[in-house]
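Trainee: Take a look at protein07.pdb, PDB, C-alpha atoms, pLDDT in the B column:
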ATOM      1  CA  GLY A   9    -114.814 -21.936  82.148  1.00 53.00           C
ATOM      2  CA  ASN A  10    -113.513 -19.363  79.612  1.00 54.00           C
ATOM      3  CA  ASP A  11    -113.571 -20.839  76.140  1.00 57.00           C
ATOM      4  CA  PHE A  12    -112.246 -17.617  74.444  1.00 51.00           C
ATOM      5  CA  GLN A  13    -108.453 -17.271  74.187  1.00 55.00           C
ATOM      6  CA  LEU A  14    -106.305 -14.895  72.083  1.00 52.00           C
ATOM      7  CA  ALA A  15    -103.865 -16.561  69.748  1.00 56.00           C
ATOM      8  CA  SER A  16    -100.222 -15.839  70.528  1.00 54.00           C
ATOM      9  CA  PRO A  17     -97.980 -14.644  67.671  1.00 56.00           C
ATOM     10  CA  PHE A  18     -95.097 -16.561  69.208  1.00 51.00           C
ATOM     11  CA  PRO A  19     -94.706 -20.329  69.107  1.00 55.00           C
ATOM     12  CA  ARG A  20     -95.606 -22.119  72.338  1.00 56.00           C
ATOM     13  CA  ASN A  21     -92.673 -22.266  74.743  1.00 52.00           C
ATOM     14  CA  SER A  22     -90.751 -19.545  72.770  1.00 49.00           C
ATOM     15  CA  ALA A  23     -89.249 -16.439  74.423  1.00 54.00           C
ATOM     16  CA  TYR A  24     -90.088 -12.915  73.224  1.00 60.00           C
ATOM     17  CA  LEU A  25     -86.952 -10.805  72.659  1.00 75.00           C
ATOM     18  CA  ALA A  26     -87.546  -7.018  72.494  1.00 90.00           C
ATOM     19  CA  LYS A  27     -85.424  -4.837  70.198  1.00 94.00           C
ATOM     20  CA  THR A  28     -82.411  -3.264  71.787  1.00 96.00           C
ATOM     21  CA  THR A  29     -80.608  -0.058  70.897  1.00 97.00           C
ATOM     22  CA  PRO A  30     -76.961  -0.565  69.953  1.00 97.00           C
ATOM     23  CA  THR A  31     -74.129   1.524  71.292  1.00 97.00           C
ATOM     24  CA  PHE A  32     -73.264   4.375  68.915  1.00 98.00           C
ATOM     25  CA  ILE A  33     -70.310   6.628  69.810  1.00 98.00           C
ATOM     26  CA  TRP A  34     -68.689   9.445  67.845  1.00 98.00           C
ATOM     27  CA  THR A  35     -65.857  11.447  69.392  1.00 97.00           C
ATOM     28  CA  PRO A  36     -63.537  12.934  66.746  1.00 96.00           C
ATOM     29  CA  THR A  37     -59.822  12.645  67.394  1.00 96.00           C
ATOM     30  CA  SER A  38     -59.588  16.174  66.005  1.00 96.00           C
ATOM     31  CA  ASN A  39     -62.461  18.467  65.094  1.00 96.00           C
ATOM     32  CA  THR A  40     -60.206  21.132  63.561  1.00 97.00           C
ATOM     33  CA  ILE A  41     -58.436  20.978  60.219  1.00 98.00           C
ATOM     34  CA  THR A  42     -56.897  23.546  57.881  1.00 98.00           C
ATOM     35  CA  TYR A  43     -57.936  24.124  54.292  1.00 98.00           C
ATOM     36  CA  PRO A  44     -57.251  22.435  51.836  1.00 97.00           C
ATOM     37  CA  ASN A  45     -56.823  19.291  53.960  1.00 97.00           C
ATOM     38  CA  ARG A  46     -59.542  16.708  53.441  1.00 97.00           C
ATOM     39  CA  LEU A  47     -61.667  14.974  56.036  1.00 97.00           C
ATOM     40  CA  SER A  48     -60.162  11.791  57.391  1.00 97.00           C
ATOM     41  CA  THR A  49     -60.747   9.125  60.020  1.00 97.00           C
ATOM     42  CA  ASN A  50     -59.465  11.645  62.553  1.00 97.00           C
ATOM     43  CA  GLN A  51     -62.791  13.421  62.119  1.00 97.00           C
ATOM     44  CA  LEU A  52     -65.136  10.689  60.874  1.00 98.00           C
ATOM     45  CA  ASN A  53     -64.454   7.906  63.359  1.00 97.00           C
ATOM     46  CA  ALA A  54     -67.815   6.828  64.830  1.00 98.00           C
ATOM     47  CA  SER A  55     -67.983   3.350  66.374  1.00 97.00           C
ATOM     48  CA  THR A  56     -70.900   0.970  67.012  1.00 97.00           C
ATOM     49  CA  SER A  57     -71.529  -2.209  68.950  1.00 96.00           C
ATOM     50  CA  VAL A  58     -73.220  -4.043  66.069  1.00 97.00           C
ATOM     51  CA  ALA A  59     -72.865  -4.252  62.304  1.00 97.00           C
ATOM     52  CA  GLY A  60     -74.423  -1.542  60.223  1.00 98.00           C
ATOM     53  CA  ALA A  61     -73.803   1.593  58.177  1.00 97.00           C
ATOM     54  CA  VAL A  62     -72.672   4.998  59.474  1.00 98.00           C
ATOM     55  CA  VAL A  63     -73.444   7.992  57.276  1.00 98.00           C
ATOM     56  CA  TYR A  64     -72.095  11.521  57.839  1.00 98.00           C
ATOM     57  CA  SER A  65     -73.747  14.623  56.442  1.00 98.00           C
ATOM     58  CA  ASN A  66     -73.455  18.387  56.405  1.00 96.00           C
ATOM     59  CA  GLY A  67     -76.730  20.208  55.899  1.00 93.00           C
ATOM     60  CA  GLY A  68     -78.195  17.115  54.301  1.00 92.00           C
ATOM     61  CA  THR A  69     -75.226  16.625  51.955  1.00 96.00           C
ATOM     62  CA  SER A  70     -73.175  13.484  52.458  1.00 97.00           C
ATOM     63  CA  VAL A  71     -69.547  13.879  53.522  1.00 98.00           C
ATOM     64  CA  THR A  72     -66.947  11.135  53.670  1.00 97.00           C
ATOM     65  CA  THR A  73     -63.253  10.722  54.293  1.00 96.00           C
ATOM     66  CA  ASN A  74     -61.493  12.578  51.467  1.00 95.00           C
ATOM     67  CA  THR A  75     -64.191  15.286  51.311  1.00 97.00           C
ATOM     68  CA  MET A  76     -62.710  18.805  51.054  1.00 97.00           C
ATOM     69  CA  LEU A  77     -64.661  21.563  52.796  1.00 98.00           C
ATOM     70  CA  ASN A  78     -64.127  25.303  52.442  1.00 98.00           C
ATOM     71  CA  ALA A  79     -62.951  27.226  55.484  1.00 98.00           C
ATOM     72  CA  GLY A  80     -65.748  27.679  57.996  1.00 98.00           C
ATOM     73  CA  THR A  81     -67.634  26.047  60.856  1.00 98.00           C
ATOM     74  CA  TYR A  82     -69.814  23.017  60.172  1.00 98.00           C
ATOM     75  CA  GLN A  83     -72.328  20.932  62.093  1.00 98.00           C
ATOM     76  CA  ILE A  84     -71.637  17.378  60.934  1.00 98.00           C
ATOM     77  CA  VAL A  85     -74.322  14.779  61.689  1.00 98.00           C
ATOM     78  CA  ALA A  86     -73.523  11.072  62.019  1.00 98.00           C
ATOM     79  CA  SER A  87     -76.400   8.589  61.568  1.00 98.00           C
ATOM     80  CA  PHE A  88     -76.281   4.818  62.105  1.00 98.00           C
ATOM     81  CA  THR A  89     -78.551   2.119  60.708  1.00 98.00           C
ATOM     82  CA  PRO A  90     -78.047  -1.426  62.037  1.00 98.00           C
ATOM     83  CA  THR A  91     -77.878  -4.213  59.504  1.00 97.00           C
ATOM     84  CA  ASP A  92     -80.502  -6.174  61.461  1.00 97.00           C
ATOM     85  CA  THR A  93     -83.288  -3.668  62.025  1.00 96.00           C
ATOM     86  CA  ASN A  94     -85.575  -6.462  63.268  1.00 95.00           C
ATOM     87  CA  ALA A  95     -83.350  -6.971  66.272  1.00 96.00           C
ATOM     88  CA  TYR A  96     -81.995  -3.465  66.784  1.00 97.00           C
ATOM     89  CA  ASN A  97     -83.408   0.021  66.997  1.00 97.00           C
ATOM     90  CA  ILE A  98     -81.847   2.885  65.045  1.00 97.00           C
ATOM     91  CA  PRO A  99     -80.013   5.060  67.577  1.00 97.00           C
ATOM     92  CA  SER A 100     -80.327   8.837  67.649  1.00 98.00           C
ATOM     93  CA  PRO A 101     -77.965  10.756  65.336  1.00 98.00           C
ATOM     94  CA  ILE A 102     -74.896  12.445  66.820  1.00 98.00           C
ATOM     95  CA  THR A 103     -73.817  15.993  65.886  1.00 98.00           C
ATOM     96  CA  ASN A 104     -70.284  17.329  66.194  1.00 98.00           C
ATOM     97  CA  THR A 105     -68.865  20.739  65.285  1.00 98.00           C
ATOM     98  CA  LEU A 106     -66.048  20.748  62.728  1.00 98.00           C
ATOM     99  CA  VAL A 107     -63.908  23.832  62.135  1.00 98.00           C
ATOM    100  CA  VAL A 108     -61.959  24.263  58.888  1.00 98.00           C
ATOM    101  CA  ASN A 109     -59.392  27.036  59.370  1.00 98.00           C
ATOM    102  CA  LYS A 110     -58.127  29.331  56.637  1.00 98.00           C
ATOM    103  CA  ALA A 111     -54.702  28.406  55.305  1.00 98.00           C
ATOM    104  CA  ASN A 112     -51.551  30.497  55.378  1.00 98.00           C
ATOM    105  CA  GLN A 113     -49.996  31.574  52.109  1.00 98.00           C
ATOM    106  CA  THR A 114     -46.446  32.635  51.313  1.00 98.00           C
ATOM    107  CA  ILE A 115     -45.225  34.997  48.598  1.00 98.00           C
ATOM    108  CA  THR A 116     -41.880  34.456  46.875  1.00 98.00           C
ATOM    109  CA  PHE A 117     -40.558  37.682  45.333  1.00 98.00           C
ATOM    110  CA  ALA A 118     -36.925  37.793  44.242  1.00 98.00           C
ATOM    111  CA  ALA A 119     -34.602  40.773  44.661  1.00 98.00           C
ATOM    112  CA  LEU A 120     -34.773  43.308  41.835  1.00 98.00           C
ATOM    113  CA  ALA A 121     -31.884  44.251  39.598  1.00 97.00           C
ATOM    114  CA  ASP A 122     -30.920  47.918  39.308  1.00 96.00           C
ATOM    115  CA  LYS A 123     -32.351  49.843  36.385  1.00 95.00           C
ATOM    116  CA  VAL A 124     -31.263  52.961  34.472  1.00 92.00           C
ATOM    117  CA  VAL A 125     -33.399  55.958  33.571  1.00 90.00           C
ATOM    118  CA  GLY A 126     -34.653  55.374  30.041  1.00 89.00           C
ATOM    119  CA  ASP A 127     -34.858  51.579  30.340  1.00 93.00           C
ATOM    120  CA  ALA A 128     -37.943  49.969  28.841  1.00 95.00           C
ATOM    121  CA  ASN A 129     -40.965  48.975  30.906  1.00 97.00           C
ATOM    122  CA  PHE A 130     -40.661  45.558  32.498  1.00 97.00           C
ATOM    123  CA  ASN A 131     -42.845  43.022  34.291  1.00 98.00           C
ATOM    124  CA  LEU A 132     -42.620  42.069  37.941  1.00 98.00           C
ATOM    125  CA  SER A 133     -42.984  38.405  38.826  1.00 97.00           C
ATOM    126  CA  ALA A 134     -43.878  36.760  42.129  1.00 98.00           C
ATOM    127  CA  THR A 135     -45.340  33.380  43.073  1.00 97.00           C
ATOM    128  CA  ASN A 136     -47.693  32.465  45.880  1.00 96.00           C
ATOM    129  CA  THR A 137     -48.277  29.105  47.565  1.00 97.00           C
ATOM    130  CA  SER A 138     -52.065  29.574  47.362  1.00 97.00           C
ATOM    131  CA  GLY A 139     -52.066  30.205  43.626  1.00 95.00           C
ATOM    132  CA  LEU A 140     -53.875  33.519  44.170  1.00 97.00           C
ATOM    133  CA  GLY A 141     -52.687  36.582  42.274  1.00 96.00           C
ATOM    134  CA  VAL A 142     -50.053  38.880  43.767  1.00 98.00           C
ATOM    135  CA  SER A 143     -50.424  42.682  43.714  1.00 98.00           C
ATOM    136  CA  PHE A 144     -47.555  45.173  43.477  1.00 98.00           C
ATOM    137  CA  ALA A 145     -47.166  48.759  44.690  1.00 98.00           C
ATOM    138  CA  SER A 146     -44.427  51.398  44.442  1.00 98.00           C
ATOM    139  CA  SER A 147     -43.535  53.636  47.378  1.00 98.00           C
ATOM    140  CA  ASP A 148     -42.273  56.469  45.132  1.00 97.00           C
ATOM    141  CA  SER A 149     -44.209  57.339  42.000  1.00 96.00           C
ATOM    142  CA  ASN A 150     -41.472  59.806  40.986  1.00 96.00           C
ATOM    143  CA  VAL A 151     -39.133  56.868  40.491  1.00 96.00           C
ATOM    144  CA  VAL A 152     -41.444  54.178  39.096  1.00 97.00           C
ATOM    145  CA  THR A 153     -45.151  53.539  38.677  1.00 98.00           C
ATOM    146  CA  ILE A 154     -46.791  50.114  38.487  1.00 98.00           C
ATOM    147  CA  SER A 155     -49.887  49.108  36.532  1.00 97.00           C
ATOM    148  CA  GLU A 156     -50.854  45.555  37.468  1.00 95.00           C
ATOM    149  CA  SER A 157     -47.355  44.040  37.160  1.00 96.00           C
ATOM    150  CA  VAL A 158     -45.838  46.405  34.581  1.00 98.00           C
ATOM    151  CA  VAL A 159     -43.222  48.858  35.864  1.00 98.00           C
ATOM    152  CA  THR A 160     -42.637  52.217  34.170  1.00 97.00           C
ATOM    153  CA  ILE A 161     -39.385  53.968  35.035  1.00 96.00           C
ATOM    154  CA  LEU A 162     -39.737  57.718  35.556  1.00 95.00           C
ATOM    155  CA  GLY A 163     -36.661  58.965  37.349  1.00 92.00           C
ATOM    156  CA  LYS A 164     -33.561  58.376  39.365  1.00 91.00           C
ATOM    157  CA  GLY A 165     -33.894  57.087  42.925  1.00 94.00           C
ATOM    158  CA  THR A 166     -34.943  54.096  44.974  1.00 97.00           C
ATOM    159  CA  SER A 167     -38.510  52.880  45.416  1.00 98.00           C
ATOM    160  CA  SER A 168     -39.734  50.112  47.699  1.00 98.00           C
ATOM    161  CA  ILE A 169     -41.768  47.600  45.717  1.00 98.00           C
ATOM    162  CA  THR A 170     -44.305  45.724  47.846  1.00 98.00           C
ATOM    163  CA  ALA A 171     -45.755  42.374  46.780  1.00 98.00           C
ATOM    164  CA  SER A 172     -48.987  41.545  48.611  1.00 98.00           C
ATOM    165  CA  GLN A 173     -51.949  39.169  48.615  1.00 98.00           C
ATOM    166  CA  ALA A 174     -55.022  40.122  50.662  1.00 97.00           C
ATOM    167  CA  GLY A 175     -56.369  36.613  51.209  1.00 97.00           C
ATOM    168  CA  SER A 176     -59.694  34.987  50.344  1.00 97.00           C
ATOM    169  CA  SER A 177     -62.477  32.936  51.865  1.00 98.00           C
ATOM    170  CA  ASN A 178     -60.009  30.052  52.238  1.00 98.00           C
ATOM    171  CA  TYR A 179     -56.679  31.836  52.739  1.00 98.00           C
ATOM    172  CA  LEU A 180     -55.347  34.333  55.252  1.00 98.00           C
ATOM    173  CA  ALA A 181     -53.609  37.453  53.967  1.00 98.00           C
ATOM    174  CA  ALA A 182     -49.997  36.786  53.040  1.00 98.00           C
ATOM    175  CA  SER A 183     -47.120  38.617  54.678  1.00 98.00           C
ATOM    176  CA  ASN A 184     -45.941  41.383  52.386  1.00 98.00           C
ATOM    177  CA  VAL A 185     -42.572  41.033  50.689  1.00 98.00           C
ATOM    178  CA  VAL A 186     -40.718  44.306  50.013  1.00 98.00           C
ATOM    179  CA  ARG A 187     -37.864  44.701  47.548  1.00 98.00           C
ATOM    180  CA  ALA A 188     -35.804  47.798  46.782  1.00 98.00           C
ATOM    181  CA  LEU A 189     -35.707  48.941  43.173  1.00 98.00           C
ATOM    182  CA  THR A 190     -32.859  51.330  42.434  1.00 97.00           C
ATOM    183  CA  VAL A 191     -32.967  53.410  39.269  1.00 94.00           C
ATOM    184  CA  LYS A 192     -29.663  54.989  38.295  1.00 90.00           C
ATOM    185  CA  SER A 193     -28.979  57.948  36.045  1.00 81.00           C
ATOM    186  CA  ARG A 194     -27.833  57.234  32.541  1.00 72.00           C
ATOM    187  CA  PHE A 195     -25.150  59.888  33.142  1.00 59.00           C
ATOM    188  CA  ALA A 196     -22.589  59.657  35.894  1.00 53.00           C
ATOM    189  CA  ALA A 197     -22.508  62.236  38.628  1.00 55.00           C
ATOM    190  CA  TRP A 198     -19.652  64.663  38.156  1.00 51.00           C
ATOM    191  CA  SER A 199     -17.728  67.072  40.308  1.00 54.00           C
ATOM    192  CA  GLY A 200     -14.445  68.895  39.931  1.00 55.00           C
ATOM    193  CA  THR A 201     -12.513  70.624  37.212  1.00 53.00           C
ATOM    194  CA  GLU A 202     -11.937  69.516  33.644  1.00 50.00           C
ATOM    195  CA  THR A 203      -8.946  71.071  31.867  1.00 48.00           C
ATOM    196  CA  MET A 204      -9.504  71.759  28.205  1.00 42.00           C
ATOM    197  CA  THR A 205      -6.903  71.448  25.454  1.00 42.00           C
ATOM    198  CA  THR A 206      -6.217  74.757  23.716  1.00 37.00           C
ATOM    199  CA  GLN A 207      -8.226  75.270  20.540  1.00 35.00           C
ATOM    200  CA  SER A 208     -10.343  72.116  21.199  1.00 36.00           C
ATOM    201  CA  VAL A 209     -14.096  71.853  20.980  1.00 37.00           C
ATOM    202  CA  GLY A 210     -15.812  69.643  23.601  1.00 41.00           C
ATOM    203  CA  LEU A 211     -19.410  68.442  23.932  1.00 40.00           C
ATOM    204  CA  TYR A 212     -20.071  67.298  27.490  1.00 43.00           C
ATOM    205  CA  ALA A 213     -23.064  65.349  28.860  1.00 41.00           C
ATOM    206  CA  ILE A 214     -23.511  66.440  32.454  1.00 43.00           C
ATOM    207  CA  GLY A 215     -26.507  65.292  34.432  1.00 42.00           C
ATOM    208  CA  GLY A 216     -28.273  67.880  36.588  1.00 44.00           C
ATOM    209  CA  ALA A 217     -25.433  70.331  36.155  1.00 44.00           C
ATOM    210  CA  SER A 218     -25.197  73.127  38.688  1.00 42.00           C
ATOM    211  CA  ASN A 219     -22.616  75.701  39.648  1.00 43.00           C
ATOM    212  CA  PHE A 220     -20.477  75.045  36.663  1.00 45.00           C
ATOM    213  CA  VAL A 221     -18.373  77.680  34.913  1.00 46.00           C
ATOM    214  CA  ALA A 222     -17.200  77.294  31.335  1.00 47.00           C
ATOM    215  CA  SER A 223     -13.982  79.209  30.706  1.00 46.00           C
ATOM    216  CA  PRO A 224     -11.605  79.071  27.770  1.00 43.00           C
ATOM    217  CA  GLU A 225      -9.432  76.464  29.454  1.00 45.00           C
ATOM    218  CA  ARG A 226     -11.577  74.627  31.965  1.00 48.00           C
ATOM    219  CA  LEU A 227     -15.037  73.554  33.089  1.00 50.00           C
ATOM    220  CA  THR A 228     -15.587  73.591  36.824  1.00 51.00           C
ATOM    221  CA  GLY A 229     -18.596  72.719  38.982  1.00 53.00           C
ATOM    222  CA  SER A 230     -20.667  69.636  39.749  1.00 53.00           C
ATOM    223  CA  ALA A 231     -23.652  67.611  38.536  1.00 54.00           C
ATOM    224  CA  ASP A 232     -25.796  64.940  40.185  1.00 53.00           C
ATOM    225  CA  GLY A 233     -26.400  62.875  37.068  1.00 52.00           C
ATOM    226  CA  THR A 234     -30.157  63.409  36.936  1.00 50.00           C
ATOM    227  CA  ASN A 235     -30.740  65.284  33.677  1.00 46.00           C
ATOM    228  CA  LEU A 236     -28.814  65.697  30.468  1.00 44.00           C
ATOM    229  CA  VAL A 237     -27.116  69.038  29.934  1.00 44.00           C
ATOM    230  CA  LEU A 238     -25.005  69.622  26.839  1.00 43.00           C
ATOM    231  CA  VAL A 239     -22.135  72.074  27.219  1.00 48.00           C
ATOM    232  CA  THR A 240     -19.930  73.241  24.361  1.00 45.00           C
ATOM    233  CA  ILE A 241     -16.626  74.801  25.222  1.00 43.00           C
ATOM    234  CA  VAL A 242     -14.523  76.392  22.573  1.00 41.00           C
ATOM    235  CA  THR A 243     -11.064  77.082  23.978  1.00 40.00           C
ATOM    236  CA  GLY A 244      -8.370  79.490  22.952  1.00 38.00           C
ATOM    237  CA  LYS A 245     -10.670  82.379  22.130  1.00 34.00           C
TER     238      LYS A 245
END
Please express the file's structure as structure tokens.

Mentor:
Amino acid sequence: GNDFQLASPFPRNSAYLAKTTPTFIWTPTSNTITYPNRLSTNQLNASTSVAGAVVYSNGGTSVTTNTMLNAGTYQIVASFTPTDTNAYNIPSPITNTLVVNKANQTITFAALADKVVGDANFNLSATNTSGLGVSFASSDSNVVTISESVVTILGKGTSSITASQAGSSNYLAASNVVRALTVKSRFAAWSGTETMTTQSVGLYAIGGASNFVASPERLTGSADGTNLVLVTIVTGK
């Protein structure tokens, strides 16, 4: 007979149970979000058939619900470790693509009050839902110029003031907002005939005067109100 026999690691009459691999499923409800929304259970929603811990990571860095990611495309890896590793194998990790879209931004830029030639410089003001700075530009540098947000008035006319924001790594460019800025002359436009009183002396402020004739009794012509012209008429001589 054979007197040599290997000892069994299992008690006599016991059954050997091999490790099994648990079910591990990860199908995001949504794999697209928009900055600055945070990750939620819509993205991180893996399920398993046994107790254990699911860990999500991006490039080796842990991510969880409430994590905020910058705009971009990410490969998120979900790993699962069963609580009872004696009875269960660790299943293979699952990778899903997550896209974080850039956010829209909106500029609020109120209508501009009319100005008069000679008024002091003033500041433009606009707000933006992203918190990024707003830039300003003038369509007519003969009327006004803009340095950063400071407006300098140069002449009569109307200039379109454009408020813009070009966007960033997390925000799309904002739609421009355009406001008209009208600059009026300090002197009213004039046209017609002024009758002088005999022997009177008059000093007249006439903007952009043209075609006018000063005679002993009357001043005739027109002016567009652009520049100051001083006219003295001495009547009765």

Trainee: What gap, in Å, lies between CA of Val107 (chain A) and CA of Thr137 (chain A)?

Mentor: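 So the answer is 22.0 Å.
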
Trainee: Compare A:Ala61, A:Val186, A:Val85, A:Ala79 by their minimum atom-to-atom distance to Ala111 (chain A), counting all atoms listed in the file, and give me the closest one.

Mentor: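 For Ala111 (chain A), the nearest of the candidates is A:Ala79.
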
Trainee: Measure the distance from CA of Ser38 (chain A) to CA of Ser138 (chain A) in Å and round it to one decimal.

Mentor: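 Result for CA of Ser38 (chain A) versus CA of Ser138 (chain A): 24.2 Å, one decimal.
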
Trainee: Pick the closest to Lys123 (chain A) from A:Leu77, A:Ala171, A:Val191, A:Val62: which is it, counting all atoms listed in the file?

Mentor: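 When distances to Lys123 (chain A) are compared using all atoms listed in the file, the smallest one comes from A:Val191.
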
Trainee: Can you pull out the residues contacting Tyr96 (chain A)? Cut-off 10 Å, using all atoms listed in the file, and skip same-chain residues under 2 positions away; I want them as a short mmCIF file (atom, residue, chain, number, x, y, z; two decimals) with C-alpha atoms, keeping the file's coordinate frame.

Mentor:
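Result written to selection14.cif:
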data_model
loop_
_atom_site.label_atom_id
_atom_site.label_comp_id
_atom_site.auth_asym_id
_atom_site.auth_seq_id
_atom_site.Cartn_x
_atom_site.Cartn_y
_atom_site.Cartn_z
CA ALA A 26 -87.55 -7.02 72.49
CA LYS A 27 -85.42 -4.84 70.20
CA THR A 28 -82.41 -3.26 71.79
CA THR A 29 -80.61 -0.06 70.90
CA PRO A 30 -76.96 -0.56 69.95
CA VAL A 58 -73.22 -4.04 66.07
CA THR A 89 -78.55 2.12 60.71
CA PRO A 90 -78.05 -1.43 62.04
CA THR A 91 -77.88 -4.21 59.50
CA ASP A 92 -80.50 -6.17 61.46
CA THR A 93 -83.29 -3.67 62.02
CA ASN A 94 -85.58 -6.46 63.27
CA ILE A 98 -81.85 2.88 65.04
CA PRO A 99 -80.01 5.06 67.58
#

Trainee: The residues within 7 Å of (-59.3, 26.9, 52.7), using all atoms listed in the file and the coordinates of the file, should be reported as a count of residues only; which are they?

Mentor: 11

Trainee: Phe117 (chain A): which residues within 9 Å, counting all atoms listed in the file, same-chain residues fewer than 3 positions away excluded, as a PyMOL selection string?

Mentor: chain A and resi 120+132-136+171+185-187

Trainee: Have a look at A:Thr170, A:Thr75, A:Asn66, A:Thr49 and name the one nearest to Ala118 (chain A); count only C-alpha atoms.

Mentor: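 That would be A:Thr170, the residue with the smallest distance to Ala118 (chain A).
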
Trainee: Neighbouring residues of Asp122 (chain A) were defined as those with any atom within 8 Å, considering only C-alpha atoms; residues of the same chain fewer than 6 positions away were excluded. Please report them as a list in words.

Mentor: Leu189, Thr190, Val191 and Lys192 of chain A

Trainee: Could you state the separation of CA of Asp127 (chain A) and CA of Ala188 (chain A) in Å, given to one decimal place?

Mentor: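 These two atoms are separated by 16.9 Å.
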
Trainee: May I ask which of the residues A:Trp34, A:Met76, A:Ile154, A:Thr114 is the closest one to Gly175 (chain A), counting only C-alpha atoms?

Mentor: A:Thr114

Trainee: Take the PyMOL selection byres ((chain A and resi 100) around 9), run it mentally on this structure, and tell me the resulting residues as a PyMOL selection string.

Mentor: chain A and resi 32+87-88+98-99+101-102

Trainee: Tell me which residues come within 6 Å of (-64.2, 20.6, 63.7), as an NGL selection string, counting all atoms listed in the file in the file's coordinates.

Mentor: :A and (39-40 or 105-107)

Trainee: Tell me, as a list in words, which residues lie within 10 Å of Ser149 (chain A), counting only C-alpha atoms; anything in the same chain fewer than 4 positions away does not count.

Mentor: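 My list of contacting residues is Ala145, Thr153, Ile154, Thr160, Ile161, Leu162, Gly163 and Ser167 of chain A.
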